[in-house]
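Q: Take a look at work.cif, mmCIF, N, CA and C atoms:
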data_entry
loop_
_atom_site.label_atom_id
_atom_site.label_comp_id
_atom_site.auth_asym_id
_atom_site.auth_seq_id
_atom_site.Cartn_x
_atom_site.Cartn_y
_atom_site.Cartn_z
N MET A 1 50.16 4.10 96.93
CA MET A 1 50.10 5.18 97.89
C MET A 1 49.28 6.32 97.29
N GLU A 2 48.39 6.86 98.08
CA GLU A 2 47.60 8.01 97.65
C GLU A 2 48.37 9.28 97.96
N ILE A 3 48.50 10.14 96.95
CA ILE A 3 49.20 11.40 97.16
C ILE A 3 48.37 12.54 96.58
N PRO A 4 48.54 13.75 97.12
CA PRO A 4 47.83 14.90 96.55
C PRO A 4 48.33 15.15 95.12
N GLU A 5 47.58 15.91 94.39
CA GLU A 5 48.01 16.31 93.04
C GLU A 5 49.33 17.07 93.14
N LEU A 6 50.15 16.96 92.12
CA LEU A 6 51.44 17.64 92.10
C LEU A 6 51.25 19.14 92.31
N ALA A 7 50.22 19.73 91.71
CA ALA A 7 49.97 21.17 91.85
C ALA A 7 49.75 21.55 93.31
N GLU A 8 49.11 20.69 94.07
CA GLU A 8 48.86 20.97 95.48
C GLU A 8 50.15 20.92 96.29
N LEU A 9 51.04 19.99 95.96
CA LEU A 9 52.34 19.92 96.64
C LEU A 9 53.21 21.12 96.27
N ILE A 10 53.15 21.54 95.02
CA ILE A 10 53.89 22.73 94.60
C ILE A 10 53.36 23.95 95.34
N TRP A 11 52.04 24.05 95.49
CA TRP A 11 51.45 25.16 96.24
C TRP A 11 51.91 25.14 97.69
N LEU A 12 51.94 23.95 98.32
CA LEU A 12 52.32 23.82 99.73
C LEU A 12 53.78 24.21 99.95
N PHE A 13 54.66 23.75 99.06
CA PHE A 13 56.09 24.01 99.23
C PHE A 13 56.57 25.25 98.48
N GLU A 14 55.66 25.87 97.72
CA GLU A 14 55.93 27.11 97.01
C GLU A 14 57.07 26.98 96.00
N ASP A 15 57.22 25.77 95.46
CA ASP A 15 58.28 25.55 94.48
C ASP A 15 58.06 24.22 93.76
N GLU A 16 58.67 24.10 92.60
CA GLU A 16 58.61 22.85 91.82
C GLU A 16 59.55 21.82 92.44
N PRO A 17 59.21 20.54 92.33
CA PRO A 17 60.12 19.52 92.85
C PRO A 17 61.33 19.33 91.93
N GLN A 18 62.41 18.89 92.52
CA GLN A 18 63.61 18.56 91.76
C GLN A 18 63.75 17.05 91.75
N GLY A 19 63.83 16.46 90.57
CA GLY A 19 63.97 15.02 90.44
C GLY A 19 65.41 14.58 90.62
N GLU A 20 65.57 13.36 91.10
CA GLU A 20 66.91 12.81 91.29
C GLU A 20 67.58 12.55 89.94
N ASP A 21 66.75 12.23 88.94
CA ASP A 21 67.26 11.92 87.61
C ASP A 21 66.46 12.74 86.60
N GLU A 22 67.13 13.46 85.74
CA GLU A 22 66.46 14.32 84.75
C GLU A 22 65.55 13.55 83.80
N ASP A 23 65.87 12.27 83.55
CA ASP A 23 65.10 11.48 82.60
C ASP A 23 63.84 10.86 83.21
N VAL A 24 63.71 10.94 84.53
CA VAL A 24 62.56 10.34 85.22
C VAL A 24 61.66 11.47 85.70
N HIS A 25 60.38 11.39 85.34
CA HIS A 25 59.45 12.46 85.65
C HIS A 25 58.41 12.02 86.68
N TRP A 26 57.88 13.00 87.39
CA TRP A 26 56.86 12.79 88.40
C TRP A 26 55.75 11.91 87.87
N PRO A 27 55.27 10.95 88.60
CA PRO A 27 55.52 10.56 89.99
C PRO A 27 56.50 9.41 90.15
N VAL A 28 57.31 9.13 89.13
CA VAL A 28 58.27 8.02 89.20
C VAL A 28 59.60 8.53 89.72
N GLY A 29 60.20 7.81 90.66
CA GLY A 29 61.51 8.19 91.19
C GLY A 29 61.42 9.15 92.35
N LEU A 30 62.57 9.48 92.88
CA LEU A 30 62.68 10.36 94.04
C LEU A 30 62.64 11.82 93.60
N HIS A 31 61.75 12.60 94.21
CA HIS A 31 61.62 14.02 93.93
C HIS A 31 61.67 14.79 95.25
N SER A 32 62.32 15.95 95.22
CA SER A 32 62.52 16.73 96.44
C SER A 32 61.89 18.11 96.33
N PHE A 33 61.26 18.50 97.43
CA PHE A 33 60.68 19.84 97.57
C PHE A 33 61.46 20.54 98.68
N GLN A 34 61.74 21.82 98.48
CA GLN A 34 62.47 22.56 99.49
C GLN A 34 61.71 23.84 99.81
N LEU A 35 61.69 24.20 101.10
CA LEU A 35 60.99 25.40 101.55
C LEU A 35 61.80 26.04 102.66
N THR A 36 61.92 27.37 102.61
CA THR A 36 62.64 28.11 103.65
C THR A 36 61.74 29.21 104.19
N ARG A 37 61.71 29.32 105.51
CA ARG A 37 61.03 30.41 106.20
C ARG A 37 62.00 30.94 107.25
N GLY A 38 62.50 32.13 107.04
CA GLY A 38 63.49 32.69 107.95
C GLY A 38 64.75 31.84 107.94
N ALA A 39 65.21 31.44 109.12
CA ALA A 39 66.44 30.64 109.23
C ALA A 39 66.19 29.15 109.08
N ILE A 40 64.91 28.74 109.04
CA ILE A 40 64.57 27.31 109.02
C ILE A 40 64.19 26.88 107.61
N SER A 41 64.75 25.74 107.19
CA SER A 41 64.44 25.14 105.89
C SER A 41 64.04 23.70 106.08
N VAL A 42 63.25 23.21 105.15
CA VAL A 42 62.90 21.79 105.13
C VAL A 42 63.17 21.25 103.74
N LEU A 43 63.67 20.03 103.70
CA LEU A 43 63.83 19.29 102.46
C LEU A 43 62.96 18.06 102.59
N PHE A 44 61.92 17.99 101.77
CA PHE A 44 61.01 16.86 101.77
C PHE A 44 61.19 16.11 100.46
N SER A 45 61.56 14.85 100.57
CA SER A 45 61.77 14.02 99.37
C SER A 45 60.82 12.85 99.41
N ILE A 46 60.27 12.52 98.24
CA ILE A 46 59.31 11.42 98.17
C ILE A 46 59.50 10.64 96.88
N ASP A 47 59.34 9.36 97.00
CA ASP A 47 59.28 8.46 95.85
C ASP A 47 57.89 7.83 95.90
N PRO A 48 56.92 8.41 95.18
CA PRO A 48 55.55 7.92 95.24
C PRO A 48 55.38 6.45 94.86
N THR A 49 56.14 5.98 93.89
CA THR A 49 55.97 4.59 93.46
C THR A 49 56.52 3.61 94.49
N ALA A 50 57.57 3.99 95.20
CA ALA A 50 58.13 3.12 96.25
C ALA A 50 57.44 3.30 97.59
N GLY A 51 56.68 4.40 97.73
CA GLY A 51 56.00 4.66 99.00
C GLY A 51 56.96 5.03 100.11
N GLU A 52 58.03 5.76 99.77
CA GLU A 52 59.04 6.17 100.75
C GLU A 52 59.16 7.69 100.77
N ALA A 53 59.51 8.21 101.95
CA ALA A 53 59.72 9.65 102.08
C ALA A 53 60.89 9.91 103.03
N TYR A 54 61.46 11.11 102.88
CA TYR A 54 62.58 11.57 103.70
C TYR A 54 62.29 13.02 104.09
N ILE A 55 62.60 13.39 105.33
CA ILE A 55 62.41 14.76 105.77
C ILE A 55 63.65 15.20 106.52
N SER A 56 64.19 16.36 106.15
CA SER A 56 65.33 16.94 106.86
C SER A 56 65.02 18.39 107.18
N LEU A 57 65.33 18.81 108.41
CA LEU A 57 65.16 20.20 108.82
C LEU A 57 66.53 20.83 109.01
N TYR A 58 66.63 22.09 108.61
CA TYR A 58 67.89 22.83 108.69
C TYR A 58 67.66 24.16 109.37
N VAL A 59 68.64 24.59 110.15
CA VAL A 59 68.65 25.94 110.72
C VAL A 59 69.95 26.59 110.25
N ASP A 60 69.80 27.73 109.60
CA ASP A 60 70.95 28.44 109.03
C ASP A 60 71.83 27.52 108.19
N GLY A 61 71.20 26.64 107.42
CA GLY A 61 71.92 25.76 106.50
C GLY A 61 72.49 24.50 107.12
N GLU A 62 72.40 24.34 108.44
CA GLU A 62 72.92 23.14 109.11
C GLU A 62 71.77 22.20 109.44
N GLU A 63 71.93 20.94 109.06
CA GLU A 63 70.89 19.95 109.36
C GLU A 63 70.80 19.74 110.87
N ILE A 64 69.56 19.86 111.39
CA ILE A 64 69.37 19.65 112.83
C ILE A 64 68.63 18.35 113.12
N THR A 65 67.86 17.87 112.17
CA THR A 65 67.17 16.60 112.36
C THR A 65 66.75 16.03 111.01
N SER A 66 66.59 14.71 111.00
CA SER A 66 66.10 14.09 109.76
C SER A 66 65.37 12.80 110.11
N ILE A 67 64.42 12.49 109.28
CA ILE A 67 63.72 11.21 109.34
C ILE A 67 63.94 10.60 107.97
N LYS A 68 64.63 9.49 107.95
CA LYS A 68 64.99 8.88 106.67
C LYS A 68 64.23 7.60 106.43
N ARG A 69 63.94 7.36 105.17
CA ARG A 69 63.28 6.14 104.71
C ARG A 69 62.00 5.82 105.47
N LEU A 70 61.11 6.78 105.51
CA LEU A 70 59.77 6.51 106.03
C LEU A 70 59.12 5.57 105.04
N ARG A 71 58.78 4.38 105.49
CA ARG A 71 58.24 3.36 104.60
C ARG A 71 56.83 2.98 105.01
N ARG A 72 56.21 2.21 104.11
CA ARG A 72 54.86 1.71 104.33
C ARG A 72 53.86 2.86 104.49
N LEU A 73 54.09 3.92 103.71
CA LEU A 73 53.16 5.03 103.72
C LEU A 73 51.93 4.66 102.90
N GLY A 74 50.77 4.98 103.44
CA GLY A 74 49.53 4.69 102.75
C GLY A 74 49.00 5.86 101.96
N ARG A 75 49.18 7.07 102.54
CA ARG A 75 48.68 8.26 101.86
C ARG A 75 49.31 9.51 102.45
N LEU A 76 49.27 10.57 101.67
CA LEU A 76 49.68 11.90 102.10
C LEU A 76 48.48 12.80 101.97
N SER A 77 48.33 13.73 102.89
CA SER A 77 47.24 14.69 102.78
C SER A 77 47.73 16.08 103.13
N VAL A 78 47.24 17.07 102.40
CA VAL A 78 47.55 18.47 102.66
C VAL A 78 46.38 19.03 103.47
N GLU A 79 46.70 19.62 104.61
CA GLU A 79 45.68 20.19 105.50
C GLU A 79 45.86 21.70 105.55
N ARG A 80 44.75 22.42 105.41
CA ARG A 80 44.77 23.89 105.48
C ARG A 80 43.68 24.36 106.44
N GLU A 81 44.01 25.36 107.23
CA GLU A 81 43.03 25.95 108.13
C GLU A 81 42.87 27.42 107.77
N ARG A 82 41.73 27.96 108.10
CA ARG A 82 41.48 29.37 107.81
C ARG A 82 42.45 30.30 108.52
N SER A 83 43.02 29.82 109.62
CA SER A 83 43.98 30.62 110.38
C SER A 83 45.31 30.81 109.65
N GLY A 84 45.50 30.10 108.54
CA GLY A 84 46.75 30.19 107.79
C GLY A 84 47.69 29.03 108.08
N HIS A 85 47.28 28.13 108.95
CA HIS A 85 48.09 26.95 109.29
C HIS A 85 48.01 25.95 108.14
N GLU A 86 49.18 25.49 107.66
CA GLU A 86 49.23 24.51 106.57
C GLU A 86 50.20 23.41 106.94
N GLU A 87 49.86 22.18 106.55
CA GLU A 87 50.73 21.06 106.87
C GLU A 87 50.51 19.91 105.91
N LEU A 88 51.51 19.05 105.87
CA LEU A 88 51.45 17.81 105.11
C LEU A 88 51.46 16.67 106.11
N LYS A 89 50.49 15.78 106.02
CA LYS A 89 50.43 14.62 106.90
C LYS A 89 50.80 13.38 106.09
N LEU A 90 51.69 12.59 106.66
CA LEU A 90 52.13 11.34 106.05
C LEU A 90 51.54 10.20 106.86
N TRP A 91 50.56 9.53 106.31
CA TRP A 91 49.83 8.46 106.99
C TRP A 91 50.44 7.11 106.62
N PHE A 92 50.56 6.25 107.62
CA PHE A 92 51.08 4.90 107.39
C PHE A 92 49.94 3.95 107.04
N ARG A 93 50.28 2.83 106.43
CA ARG A 93 49.27 1.82 106.08
C ARG A 93 48.63 1.24 107.34
N GLU A 94 49.43 1.14 108.40
CA GLU A 94 48.92 0.59 109.65
C GLU A 94 48.12 1.67 110.39
N ASP A 95 46.88 1.36 110.74
CA ASP A 95 46.02 2.33 111.41
C ASP A 95 46.50 2.70 112.80
N TYR A 96 47.25 1.84 113.44
CA TYR A 96 47.66 2.11 114.81
C TYR A 96 48.82 3.11 114.90
N LYS A 97 49.41 3.47 113.78
CA LYS A 97 50.51 4.44 113.79
C LYS A 97 49.96 5.83 113.51
N GLU A 98 50.44 6.79 114.28
CA GLU A 98 50.07 8.19 114.08
C GLU A 98 50.80 8.73 112.84
N PRO A 99 50.23 9.73 112.16
CA PRO A 99 50.92 10.29 110.99
C PRO A 99 52.08 11.19 111.40
N VAL A 100 53.05 11.31 110.51
CA VAL A 100 54.11 12.30 110.64
C VAL A 100 53.52 13.59 110.10
N VAL A 101 53.71 14.70 110.82
CA VAL A 101 53.13 15.98 110.42
C VAL A 101 54.25 16.97 110.14
N LEU A 102 54.28 17.47 108.91
CA LEU A 102 55.23 18.48 108.49
C LEU A 102 54.48 19.79 108.29
N GLN A 103 54.67 20.72 109.21
CA GLN A 103 54.01 22.02 109.13
C GLN A 103 54.82 22.93 108.22
N THR A 104 54.14 23.63 107.30
CA THR A 104 54.83 24.54 106.38
C THR A 104 54.46 26.00 106.61
N LYS A 105 53.33 26.26 107.28
CA LYS A 105 52.89 27.63 107.56
C LYS A 105 52.17 27.66 108.89
N PRO A 106 52.27 28.66 109.67
CA PRO A 106 53.02 29.90 109.45
C PRO A 106 54.52 29.74 109.64
N LYS A 107 54.94 28.64 110.25
CA LYS A 107 56.37 28.36 110.37
C LYS A 107 56.59 26.88 110.06
N ILE A 108 57.82 26.52 109.83
CA ILE A 108 58.16 25.14 109.55
C ILE A 108 58.30 24.38 110.86
N GLY A 109 57.68 23.21 110.92
CA GLY A 109 57.78 22.38 112.11
C GLY A 109 57.57 20.92 111.74
N LEU A 110 57.97 20.03 112.62
CA LEU A 110 57.86 18.60 112.38
C LEU A 110 57.45 17.93 113.67
N SER A 111 56.44 17.05 113.59
CA SER A 111 56.03 16.31 114.78
C SER A 111 55.58 14.90 114.40
N TRP A 112 55.73 14.02 115.37
CA TRP A 112 55.31 12.63 115.17
C TRP A 112 55.08 12.01 116.53
N ASP A 113 53.83 11.72 116.83
CA ASP A 113 53.49 10.99 118.04
C ASP A 113 53.68 9.52 117.71
N VAL A 114 54.73 8.93 118.24
CA VAL A 114 55.08 7.57 117.88
C VAL A 114 54.00 6.59 118.30
N LYS A 115 53.36 6.83 119.44
CA LYS A 115 52.27 5.96 119.89
C LYS A 115 50.97 6.74 119.91
N CYS A 116 49.88 6.07 119.62
CA CYS A 116 48.57 6.70 119.67
C CYS A 116 48.25 7.04 121.12
N LEU A 117 47.43 8.06 121.31
CA LEU A 117 47.00 8.43 122.65
C LEU A 117 46.35 7.24 123.32
N GLY A 118 46.62 7.07 124.60
CA GLY A 118 46.01 5.97 125.34
C GLY A 118 46.83 4.71 125.36
N GLU A 119 47.89 4.62 124.56
CA GLU A 119 48.74 3.44 124.54
C GLU A 119 49.90 3.64 125.51
N TRP A 120 50.32 2.59 126.14
CA TRP A 120 51.45 2.64 127.08
C TRP A 120 52.64 2.00 126.50
#
Would you mind writing the file out in structure tokens?
A:
Amino acid sequence: MEIPELAELIWLFEDEPQGEDEDVHWPVGLHSFQLTRGAISVLFSIDPTAGEAYISLYVDGEEITSIKRLRRLGRLSVERERSGHEELKLWFREDYKEPVVLQTKPKIGLSWDVKCLGEW
């Protein structure tokens, strides 16, 4: 799986990742990034070697949605626009699947078009 440099992910989430196991260091094992903007928080966890990711959104500390065990990820990309919009895209190995988009700026958001445009 292709992933951005660790420094770029730290920049996007504005914090260092926390590993599941102290003895296992990036990029091996499950690592979690957390970001809070106002009342909304996101917990993004990734295991680069397994190609799996998890995303949970929270409002005032209560989980409101989660996507667990995203598998068959081909690559992650950090997207930045001059307008200040920033996001992480999780691309699947299969070209026919749309990426999961985790917006981190100016606010936290999550979207996933399950089917490509034009498909019924």
Q: For a quick check of understanding, using all atoms listed in the file, which of A:Val28, A:Arg93, A:Arg82, A:Leu35 has the smallest distance to Leu12 of chain A?
A: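 Comparing A:Val28, A:Arg93, A:Arg82, A:Leu35 against Leu12 of chain A, the winner is A:Leu35.
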Q: Hey, what does DSSP flag as strand (DSSP E or B) within chain A? Can you give it to me as a PyMOL selection string?
A: chain A and resi 2+18-19+31-37+40-47+52-59+62-70+73-80+86-92+100-105+109-112
Q: List the spatial neighbours of Ile46 of chain A as a list in words - criterion: any atom at most 9 Å away, only C-alpha atoms, same-chain residues fewer than 2 positions off excluded.
A: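 Counting only C-alpha atoms, the residues come to Gly29, Leu30, His31, Ser32, Phe33, Phe44, Pro48, Thr49, Ala50, Gly51, Glu52, Ala53, Tyr54 and Ile55 of chain A.
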Q: Pick out the closest residue to Pro106 of chain A from this set: A:His25, A:Arg80, A:Lys89, A:Lys68. Count only C-alpha atoms.
A: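 That would be A:Arg80, the residue with the smallest distance to Pro106 of chain A.
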Q: Identify, with DSSP run on backbone atoms, the residues in chain A assigned to helix (DSSP H, G or I), and express the list as a PyMOL selection string.
A: chain A and resi 6-13
Q: Take the residues from that selection and put them in a file with N, CA and C atoms, as a compact mmCIF listing (two decimals), in the frame of the given file.
A:
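Generated file (out-v8.txt):
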# COMPACT_ATOMS: atom_id res chain seq x y z
N LEU A 6 50.15 16.96 92.12
CA LEU A 6 51.44 17.64 92.10
C LEU A 6 51.25 19.14 92.31
N ALA A 7 50.22 19.73 91.71
CA ALA A 7 49.97 21.17 91.85
C ALA A 7 49.75 21.55 93.31
N GLU A 8 49.11 20.69 94.07
CA GLU A 8 48.86 20.97 95.48
C GLU A 8 50.15 20.92 96.29
N LEU A 9 51.04 19.99 95.96
CA LEU A 9 52.34 19.92 96.64
C LEU A 9 53.21 21.12 96.27
N ILE A 10 53.15 21.54 95.02
CA ILE A 10 53.89 22.73 94.60
C ILE A 10 53.36 23.95 95.34
N TRP A 11 52.04 24.05 95.49
CA TRP A 11 51.45 25.16 96.24
C TRP A 11 51.91 25.14 97.69
N LEU A 12 51.94 23.95 98.32
CA LEU A 12 52.32 23.82 99.73
C LEU A 12 53.78 24.21 99.95
N PHE A 13 54.66 23.75 99.06
CA PHE A 13 56.09 24.01 99.23
C PHE A 13 56.57 25.25 98.48
Q: Distance atom N of Pro4 of chain A-atom CA of Val78 of chain A, one decimal place?
A: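 Distance reported for this atom pair: 7.3 Å.
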Q: Kindly give the distance, in Å, that separates atom C of Asp113 of chain A and atom CA of Glu98 of chain A, rounded to a single decimal.
A: 5.3 Å
Q: Which distance in Å separates atom CA of Leu88 of chain A and atom CA of Thr104 of chain A, to one decimal?
A: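 Going from atom CA of Leu88 of chain A over to atom CA of Thr104 of chain A covers 7.6 Å.
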Q: Can you report as lines of an AutoDock Vina configuration file the centre and edge lengths in Å, to one decimal, of an axis-aligned box around the listed atoms of segment 61-68 of chain A padded with 4 Å on each side?
A:
center_x = 68.3
center_y = 17.1
center_z = 109.8
size_x = 17.2
size_y = 27.0
size_z = 14.7
Q: So which one's closest to His85 of chain A, A:Asp60, A:Lys105, A:Pro27, A:Glu16? Using only N, CA and C atoms, please.
A: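 That would be A:Lys105, the residue with the smallest distance to His85 of chain A.
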Q: Name all residues at most 12 Å from Glu94 of chain A (count only C-alpha atoms; drop same-chain ones fewer than 4 positions away) and give them as an MDAnalysis selection string.
A: chainID A and resid 71:75 90 98:99 116
Q: Given the choices A:Ile3, A:Phe13, A:Glu81, A:Glu62, which gets closest to Leu102 of chain A if the distance is worked out from only C-alpha atoms?
A: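 The answer is A:Phe13, which sits nearest to Leu102 of chain A.
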Q: Please provide as a list in words all residues within 9 Å of Gly61 of chain A, with the sequence filter that same-chain residues fewer than 4 positions apart are discarded (counting only C-alpha atoms).
A: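 The residues that qualify are Ala39, Ile40 and Ser41 of chain A.
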Q: Would you put the residues from that selection into a file with N, CA and C atoms, as an mmCIF file, keeping the file's coordinate frame?
A:
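Output (again30.cif):
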data_model
loop_
_atom_site.group_PDB
_atom_site.id
_atom_site.type_symbol
_atom_site.label_atom_id
_atom_site.label_comp_id
_atom_site.auth_asym_id
_atom_site.auth_seq_id
_atom_site.Cartn_x
_atom_site.Cartn_y
_atom_site.Cartn_z
ATOM 1 N N ALA A 39 65.210 31.440 109.120
ATOM 2 C CA ALA A 39 66.440 30.640 109.230
ATOM 3 C C ALA A 39 66.190 29.150 109.080
ATOM 4 N N ILE A 40 64.910 28.740 109.040
ATOM 5 C CA ILE A 40 64.570 27.310 109.020
ATOM 6 C C ILE A 40 64.190 26.880 107.610
ATOM 7 N N SER A 41 64.750 25.740 107.190
ATOM 8 C CA SER A 41 64.440 25.140 105.890
ATOM 9 C C SER A 41 64.040 23.700 106.080
#
Q: Which one is closest to Trp91 of chain A: A:Trp11, A:Gln103, A:Ser77, A:Thr36? Count all atoms listed in the file.
A: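 Between A:Trp11, A:Gln103, A:Ser77, A:Thr36, the residue approaching Trp91 of chain A most closely is A:Ser77.
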